[in-house]
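Student: What follows is a structure written as structure tokens; I'll ask about it next.
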Amino acid sequence: MYVAVKGGEKAIENAHNWLSEIRRGDVNVPNLEIEQIKEQLTLCVERVMSEGSLYDTDLAALAIKQSRGDLIEAIFLIRAYRTTLPRFGTSRPIKTEDMVCMRRISATYKDIPGKQKLGPTFDYTHRLLDFSLLAEGNIPKAEKRKVLKEKIPHVLRFLNKEGLIQKEKDNNYQPKDITRNPLEFPANRSERLQSLSRADEGFLLALAYSTQRGYARNHAFVGELRIGYVKVKYNIPELDIEIDIAEIIVTECESVNQFQGSKKTPAQFTRGYGLTFGQLERKAVSMALVDRALRWKEIGEEFVGAPAQDEEFVLSHCDNIQATGFLEHLKLPHYVDFQSELELVRRIRKEYEKNK
Amino acid sequence: MRKTNNVIKIKDFKVDKGLPFDQEYNFAYLDENTKKMIRRAIIKALCIPGYQVPFASREMPMPYGWGTGGVQVTASCLTKRDTLKIIDQGADDTTNAVSIRNFFKKTSNIKTTEITEKATLIQTRHRIPETPLKKKQIFVYQVPIPEPLAFLEPKISETIKMHSLSEYGAMHVKLYEDISKNGHIETAYAYPVKTNDRYIMDPSPIPKFDNPKMNNSPAIQLFGAGREQRIYAIPPYTKVKSLDFEDYPFDPFKAEHACDICGSKNTYLDEIIVDDAGNKSFICSDTDFCNKRKNK
């Protein structure tokens, strides 16, 4: 007689032990330190913080180590941890105009108040493998400059002065935290931007790319991309004083897009907005393009049925933790459902044979 | 080079020594405010049988699609006096059932059982036990896609309207087309039902063999969809009818065999390939029921 396989419990334990062993790899190779990940894999750490929606370099580095470098798995670890943290309040909105910029570029003006600043970018590197990194490569010293004290104004402000770009109105809407309220459709822009900011980089990149290739074409200029340090301020209600609770690195992108004008709006430029934790330029620019595509209704543009215009499509599928979970659940047992399908197919075939 | 002043420091890296009860988390993992929010959604769901109530689903330490909705509903309903049973595919020993049971053991130190009658709360994936559910039991389903109309209309903003207007024609047309093409309704699991003569509801991917068990059940039936952020419910003694036509009545079939272990003829069976020649064996998917019958 057949005896059904038992022992799921033991199998799980063994699998976890093997996983721990394989994560460590060859024990003769030194153990990877959290500090090394934090200092040398900064862009991984920043992606994990951004899509994990938790700014903590130590925890992100730990998650990367624990996940064997699988960043979606690391993001998942951070999300699961984040959800257990108590909320003691909401910070004041960060002021990106006060940012201490590491990098600040505009593709729309050659020269701008505050100047262009390349900063640490891959942009103009030649993508040649640097074999000197196999050994302890020589690190060239970067020239040092004093941090400029004066504020660097946003580029789009200048277009704003002339009325050439659509004005953003403050609708006095108190943003709802999408991690504490269910997302419902139609969503408003605040909820949309929150979703996009924690969305999967690859998904946003593909959608943004699709708008460039003609699916809701909207030629975008990078009006400004700035990366640097901003202070996070918190107002203590009991004392009514504002204090700095953190300094974080963020990337902000404002895109300038063509717009022909419509009955509702005279011809003017429109904008898209991208903001992420860390230095995630690709993500921030993608986010700005997708944000702009999603604003078709507000601007009075035509809905051409492009994926990037479809709010429900974009927001329902942009979260990689939701997506990967549902996709990977296909690995769970489905014998019961499969059995009922088998039975159905057999019945249909039997009748087909009978009627032949 | 890059230094940021993080306020939140890693407080402690406590090594998990495999303790049975992890006191670092609140009872049943979720904090009390989250449980309150979920209980409110459950109460609303019980008041409007079959209606999908949006709730602020949390990220859980297991992946979306692996029962996070069910786990959140269970966590919100659990009390220290409860006895918990977790099944997947009808069995207590399938990997995901083991994993979820261990999660609750670790975070709530709750009593667990494999015996359906002894459980006060049962969480399931894909099956309803063969032993009839009884009064005062809470039965929690894990739901992947709560929207029964999703396969006809993927936009939730549209399906919400269809539900509010009871505009269910498209669903009936789909069932009709199945019959006209193949002589059968081509849905073997997650077979849609109408609850309390009002809402068309997805019963979660249980085989349609199990659908009749939902009707007029004395137990409280709760459905949690974590990724899709929805909770819905069937209060005790509520009419649940599988969709059909007068001339094509609902047919909850199963494999035409008896269980090769316990001999039961009227239980849902798993089909097992036993040798390289592809010979088959059929055994009860409900392992608790099968064991009890075999030992009698």
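Residue numbering restarts at 1 for every chain of the structure tokens, chains are lettered A, B, ... in their displayed order, and ligands are numbered from 1 as they appear.
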Give me the residues near B:Thr112 as a list in words, where near means some atom within 8 Å (using only C-alpha atoms) and where sequence neighbours in that chain fewer than 6 positions away do not count.

Tutor: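 Residues near the query, excluding close chain neighbours: Thr83, Leu84, Lys85, Arg101, Lys105 and Ala119 of chain B.
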
Student: Write out as a PyMOL selection string all residues of stretch 55-151 of chain B that DSSP puts in strand (DSSP E or B) for this structure's backbone.

Tutor: chain B and resi 83-88+91+111-112+121-125+138-142

Student: Write out, as a PDB file, in the first residue's frame, the residues just selected, with C-alpha atoms.

Tutor:
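Full text of selection_8.pdb as output:
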ATOM      1  CA  THR B  83      -6.619  25.596  19.425  1.00  0.00           C
ATOM      2  CA  LEU B  84      -5.290  26.072  15.946  1.00  0.00           C
ATOM      3  CA  LYS B  85      -5.252  23.754  12.950  1.00  0.00           C
ATOM      4  CA  ILE B  86      -3.497  24.644   9.707  1.00  0.00           C
ATOM      5  CA  ILE B  87      -4.010  22.720   6.486  1.00  0.00           C
ATOM      6  CA  ASP B  88      -2.826  23.053   2.917  1.00  0.00           C
ATOM      7  CA  ALA B  91      -3.194  17.979   4.818  1.00  0.00           C
ATOM      8  CA  LYS B 111      -2.067  25.055  21.184  1.00  0.00           C
ATOM      9  CA  THR B 112      -2.231  23.312  17.806  1.00  0.00           C
ATOM     10  CA  LEU B 121      -9.744  28.074  14.521  1.00  0.00           C
ATOM     11  CA  ILE B 122      -8.735  26.433  11.251  1.00  0.00           C
ATOM     12  CA  GLN B 123      -6.742  28.108   8.502  1.00  0.00           C
ATOM     13  CA  THR B 124      -6.845  26.455   5.123  1.00  0.00           C
ATOM     14  CA  ARG B 125      -5.485  26.622   1.647  1.00  0.00           C
ATOM     15  CA  ILE B 138     -13.730  29.951  12.814  1.00  0.00           C
ATOM     16  CA  PHE B 139     -12.640  28.786   9.392  1.00  0.00           C
ATOM     17  CA  VAL B 140     -10.127  31.003   7.585  1.00  0.00           C
ATOM     18  CA  TYR B 141      -9.464  30.688   3.858  1.00  0.00           C
ATOM     19  CA  GLN B 142      -6.301  31.914   2.149  1.00  0.00           C
TER      20      GLN B 142
END

Student: Please, which residues of chain B lie no more than 8 Å from chain A when the count uses only C-alpha atoms, and can they be set out as a short mmCIF file (atom, residue, chain, number, x, y, z; two decimals) with N, CA and C atoms, in the first residue's frame?

Tutor:
data_model
loop_
_atom_site.label_atom_id
_atom_site.label_comp_id
_atom_site.auth_asym_id
_atom_site.auth_seq_id
_atom_site.Cartn_x
_atom_site.Cartn_y
_atom_site.Cartn_z
N THR B 4 25.72 59.08 6.99
CA THR B 4 24.43 59.65 7.30
C THR B 4 24.16 59.39 8.78
N ASN B 5 23.43 60.27 9.37
CA ASN B 5 23.12 60.07 10.78
C ASN B 5 21.82 59.30 10.91
N ASN B 6 21.95 58.02 10.96
CA ASN B 6 20.73 57.24 11.14
C ASN B 6 20.27 57.34 12.58
N VAL B 7 19.00 57.61 12.75
CA VAL B 7 18.51 57.66 14.12
C VAL B 7 18.19 56.28 14.64
N ILE B 8 17.63 55.47 13.69
CA ILE B 8 17.23 54.14 14.14
C ILE B 8 18.44 53.23 14.03
N LYS B 9 18.95 52.81 15.15
CA LYS B 9 20.11 51.93 15.15
C LYS B 9 19.62 50.50 15.32
N ILE B 10 20.44 49.60 14.92
CA ILE B 10 20.09 48.20 15.14
C ILE B 10 20.20 47.97 16.63
N LEU B 30 1.13 40.33 14.97
CA LEU B 30 0.63 41.67 14.63
C LEU B 30 0.45 42.52 15.90
N ASP B 31 0.68 43.83 15.78
CA ASP B 31 0.43 44.71 16.92
C ASP B 31 -1.07 44.89 17.09
N PRO B 54 -12.13 46.33 1.65
CA PRO B 54 -10.70 46.67 1.55
C PRO B 54 -10.11 46.82 2.95
N PHE B 55 -8.90 46.35 3.14
CA PHE B 55 -8.23 46.57 4.42
C PHE B 55 -6.75 46.83 4.17
N ALA B 56 -6.12 47.51 5.13
CA ALA B 56 -4.72 47.91 4.96
C ALA B 56 -3.82 46.72 5.30
N SER B 57 -3.74 45.80 4.35
CA SER B 57 -2.95 44.59 4.55
C SER B 57 -1.50 44.94 4.87
N ARG B 58 -0.91 44.22 5.81
CA ARG B 58 0.47 44.45 6.20
C ARG B 58 1.41 43.53 5.45
N GLU B 59 2.66 43.95 5.39
CA GLU B 59 3.67 43.04 4.88
C GLU B 59 3.96 42.01 5.97
N MET B 60 3.89 40.77 5.61
CA MET B 60 4.11 39.72 6.60
C MET B 60 5.48 39.09 6.34
N PRO B 61 5.98 38.34 7.32
CA PRO B 61 7.30 37.73 7.09
C PRO B 61 7.25 36.50 6.18
N PRO B 63 5.92 35.36 2.03
CA PRO B 63 5.61 36.10 0.80
C PRO B 63 4.11 36.26 0.54
N TYR B 64 3.79 37.35 -0.14
CA TYR B 64 2.43 37.53 -0.66
C TYR B 64 2.12 36.35 -1.55
N GLY B 65 0.90 35.85 -1.45
CA GLY B 65 0.52 34.71 -2.28
C GLY B 65 0.73 33.39 -1.54
N TRP B 66 1.32 33.47 -0.34
CA TRP B 66 1.58 32.26 0.44
C TRP B 66 0.67 32.22 1.68
N GLN B 89 -3.89 21.93 1.05
CA GLN B 89 -4.29 20.78 0.23
C GLN B 89 -4.99 19.72 1.10
N ASP B 93 0.48 18.22 7.02
CA ASP B 93 1.93 18.06 6.95
C ASP B 93 2.55 18.57 5.65
N THR B 94 1.77 19.30 4.84
CA THR B 94 2.37 19.87 3.64
C THR B 94 3.26 21.05 4.07
N THR B 95 4.28 21.33 3.27
CA THR B 95 5.32 22.28 3.69
C THR B 95 4.78 23.63 4.15
N ASN B 96 3.85 24.21 3.38
CA ASN B 96 3.40 25.55 3.76
C ASN B 96 2.52 25.51 5.01
N VAL B 98 2.99 23.42 7.48
CA VAL B 98 3.98 23.28 8.56
C VAL B 98 4.58 24.64 8.88
N SER B 99 4.92 25.36 7.82
CA SER B 99 5.58 26.66 7.99
C SER B 99 4.66 27.66 8.71
N HIS B 126 -6.97 25.81 -0.08
CA HIS B 126 -7.48 24.91 -1.13
C HIS B 126 -8.41 23.78 -0.70
N ARG B 127 -8.77 23.64 0.56
CA ARG B 127 -9.70 22.58 0.94
C ARG B 127 -10.60 23.00 2.10
N PRO B 144 -6.05 33.88 -3.05
CA PRO B 144 -5.13 34.56 -3.96
C PRO B 144 -5.79 35.71 -4.73
N LYS B 155 -10.05 45.10 -14.39
CA LYS B 155 -10.00 46.36 -13.65
C LYS B 155 -10.92 46.32 -12.43
N ILE B 156 -10.32 46.48 -11.25
CA ILE B 156 -11.09 46.45 -10.01
C ILE B 156 -12.09 47.60 -9.98
N SER B 157 -11.69 48.74 -10.53
CA SER B 157 -12.60 49.89 -10.51
C SER B 157 -13.89 49.56 -11.27
N ASN B 182 -18.36 22.98 -24.71
CA ASN B 182 -17.83 21.70 -24.23
C ASN B 182 -18.83 20.83 -23.49
N GLY B 183 -20.01 21.35 -23.31
CA GLY B 183 -20.99 20.58 -22.57
C GLY B 183 -20.76 20.62 -21.06
N HIS B 184 -19.76 21.38 -20.63
CA HIS B 184 -19.44 21.46 -19.20
C HIS B 184 -19.06 22.89 -18.84
N GLU B 186 -16.35 24.95 -17.47
CA GLU B 186 -14.93 24.62 -17.40
C GLU B 186 -14.24 25.19 -16.17
N THR B 187 -14.87 25.08 -15.05
CA THR B 187 -14.23 25.53 -13.82
C THR B 187 -14.27 24.38 -12.86
N ALA B 188 -13.09 23.94 -12.45
CA ALA B 188 -13.03 22.77 -11.58
C ALA B 188 -12.74 23.17 -10.14
N TYR B 189 -12.11 24.34 -9.99
CA TYR B 189 -11.85 24.84 -8.63
C TYR B 189 -12.10 26.34 -8.65
N PRO B 205 -9.46 28.96 -4.13
CA PRO B 205 -9.31 27.80 -5.05
C PRO B 205 -9.55 26.45 -4.38
N ILE B 206 -10.70 26.26 -3.78
CA ILE B 206 -11.07 24.93 -3.30
C ILE B 206 -11.65 24.18 -4.50
N PRO B 207 -11.54 22.85 -4.53
CA PRO B 207 -12.18 22.13 -5.63
C PRO B 207 -13.68 22.31 -5.52
N ARG B 227 -2.41 40.21 -0.50
CA ARG B 227 -1.83 40.99 -1.60
C ARG B 227 -2.88 41.92 -2.21
N GLN B 229 -5.49 42.98 -0.65
CA GLN B 229 -6.02 43.83 0.42
C GLN B 229 -7.54 43.75 0.58
N LYS B 254 -15.78 14.39 -8.17
CA LYS B 254 -14.46 14.01 -7.68
C LYS B 254 -14.03 12.79 -8.48
N ALA B 255 -12.81 12.31 -8.21
CA ALA B 255 -12.33 11.12 -8.91
C ALA B 255 -13.23 9.94 -8.53
N ASP B 260 -7.44 4.59 -1.28
CA ASP B 260 -6.66 3.35 -1.18
C ASP B 260 -6.14 3.12 0.23
N ILE B 261 -6.25 4.10 1.10
CA ILE B 261 -5.81 3.90 2.49
C ILE B 261 -7.00 3.54 3.38
N LEU B 269 -10.19 13.10 -3.32
CA LEU B 269 -8.97 12.28 -3.39
C LEU B 269 -7.84 12.98 -4.13
N ASP B 270 -6.63 12.74 -3.67
CA ASP B 270 -5.43 13.13 -4.42
C ASP B 270 -5.03 11.96 -5.29
N GLU B 271 -4.55 12.27 -6.46
CA GLU B 271 -4.12 11.21 -7.37
C GLU B 271 -2.60 11.13 -7.27
N VAL B 274 2.43 6.06 -8.73
CA VAL B 274 3.18 5.20 -7.81
C VAL B 274 4.38 4.49 -8.44
N SER B 281 -2.61 5.75 -7.75
CA SER B 281 -3.25 5.38 -6.51
C SER B 281 -4.06 6.61 -6.09
N SER B 285 -7.37 13.51 0.41
CA SER B 285 -6.53 14.69 0.57
C SER B 285 -6.60 15.19 2.02
#

Student: Could you list, as number ranges by chain, every residue within 8 Å of stretch 269-279 of chain A, counting only C-alpha atoms and ignoring same-chain residues fewer than 2 positions away?

Tutor: A: 43, 46-47, 49-50, 55, 164-166, 193, 197-198, 227, 248-259, 267, 281, 283-293

Student: Put those residues in a file: C-alpha atoms, as a compact mmCIF listing (two decimals), in the first residue's frame.

Tutor:
# COMPACT_ATOMS: atom_id res chain seq x y z
CA LEU A 43 23.99 51.30 -4.72
CA GLU A 46 20.30 52.24 -1.55
CA ARG A 47 18.05 50.25 -3.84
CA MET A 49 16.33 51.04 1.26
CA SER A 50 14.32 52.70 -1.49
CA TYR A 55 16.16 54.30 5.41
CA LEU A 164 5.81 78.22 -19.50
CA ILE A 165 5.39 75.23 -17.28
CA GLN A 166 2.26 73.96 -15.69
CA LEU A 193 3.95 58.85 -6.18
CA SER A 197 8.80 55.55 -5.21
CA ARG A 198 8.83 52.02 -3.76
CA ILE A 227 21.33 63.97 -5.64
CA ILE A 248 19.42 61.20 4.27
CA ILE A 249 20.58 60.92 0.67
CA VAL A 250 17.85 61.29 -1.94
CA THR A 251 17.64 61.53 -5.72
CA GLU A 252 15.12 63.91 -7.21
CA CYS A 253 14.23 64.21 -10.87
CA GLU A 254 11.94 66.74 -12.47
CA SER A 255 11.17 66.07 -16.10
CA VAL A 256 9.97 68.68 -18.55
CA ASN A 257 7.65 67.35 -21.19
CA GLN A 258 6.23 68.74 -24.35
CA PHE A 259 2.57 69.40 -24.39
CA ALA A 267 0.37 75.16 -24.79
CA GLU A 281 19.19 57.94 -10.95
CA LYS A 283 14.80 54.85 -10.99
CA ALA A 284 14.17 58.56 -10.34
CA VAL A 285 14.16 59.45 -14.04
CA SER A 286 11.94 56.45 -14.86
CA MET A 287 9.57 57.47 -12.09
CA ALA A 288 9.30 61.01 -13.45
CA LEU A 289 8.42 59.73 -16.92
CA VAL A 290 5.82 57.30 -15.61
CA ASP A 291 4.35 59.93 -13.29
CA ARG A 292 4.00 62.24 -16.27
CA ALA A 293 2.31 59.56 -18.38

Student: From stretch 18-208 of chain B, collect each residue whose DSSP state is helix (DSSP H, G or I) and return the set as a PyMOL selection string.

Tutor: chain B and resi 32-47+68-77+95-108+116-118+156-164+169-182+208
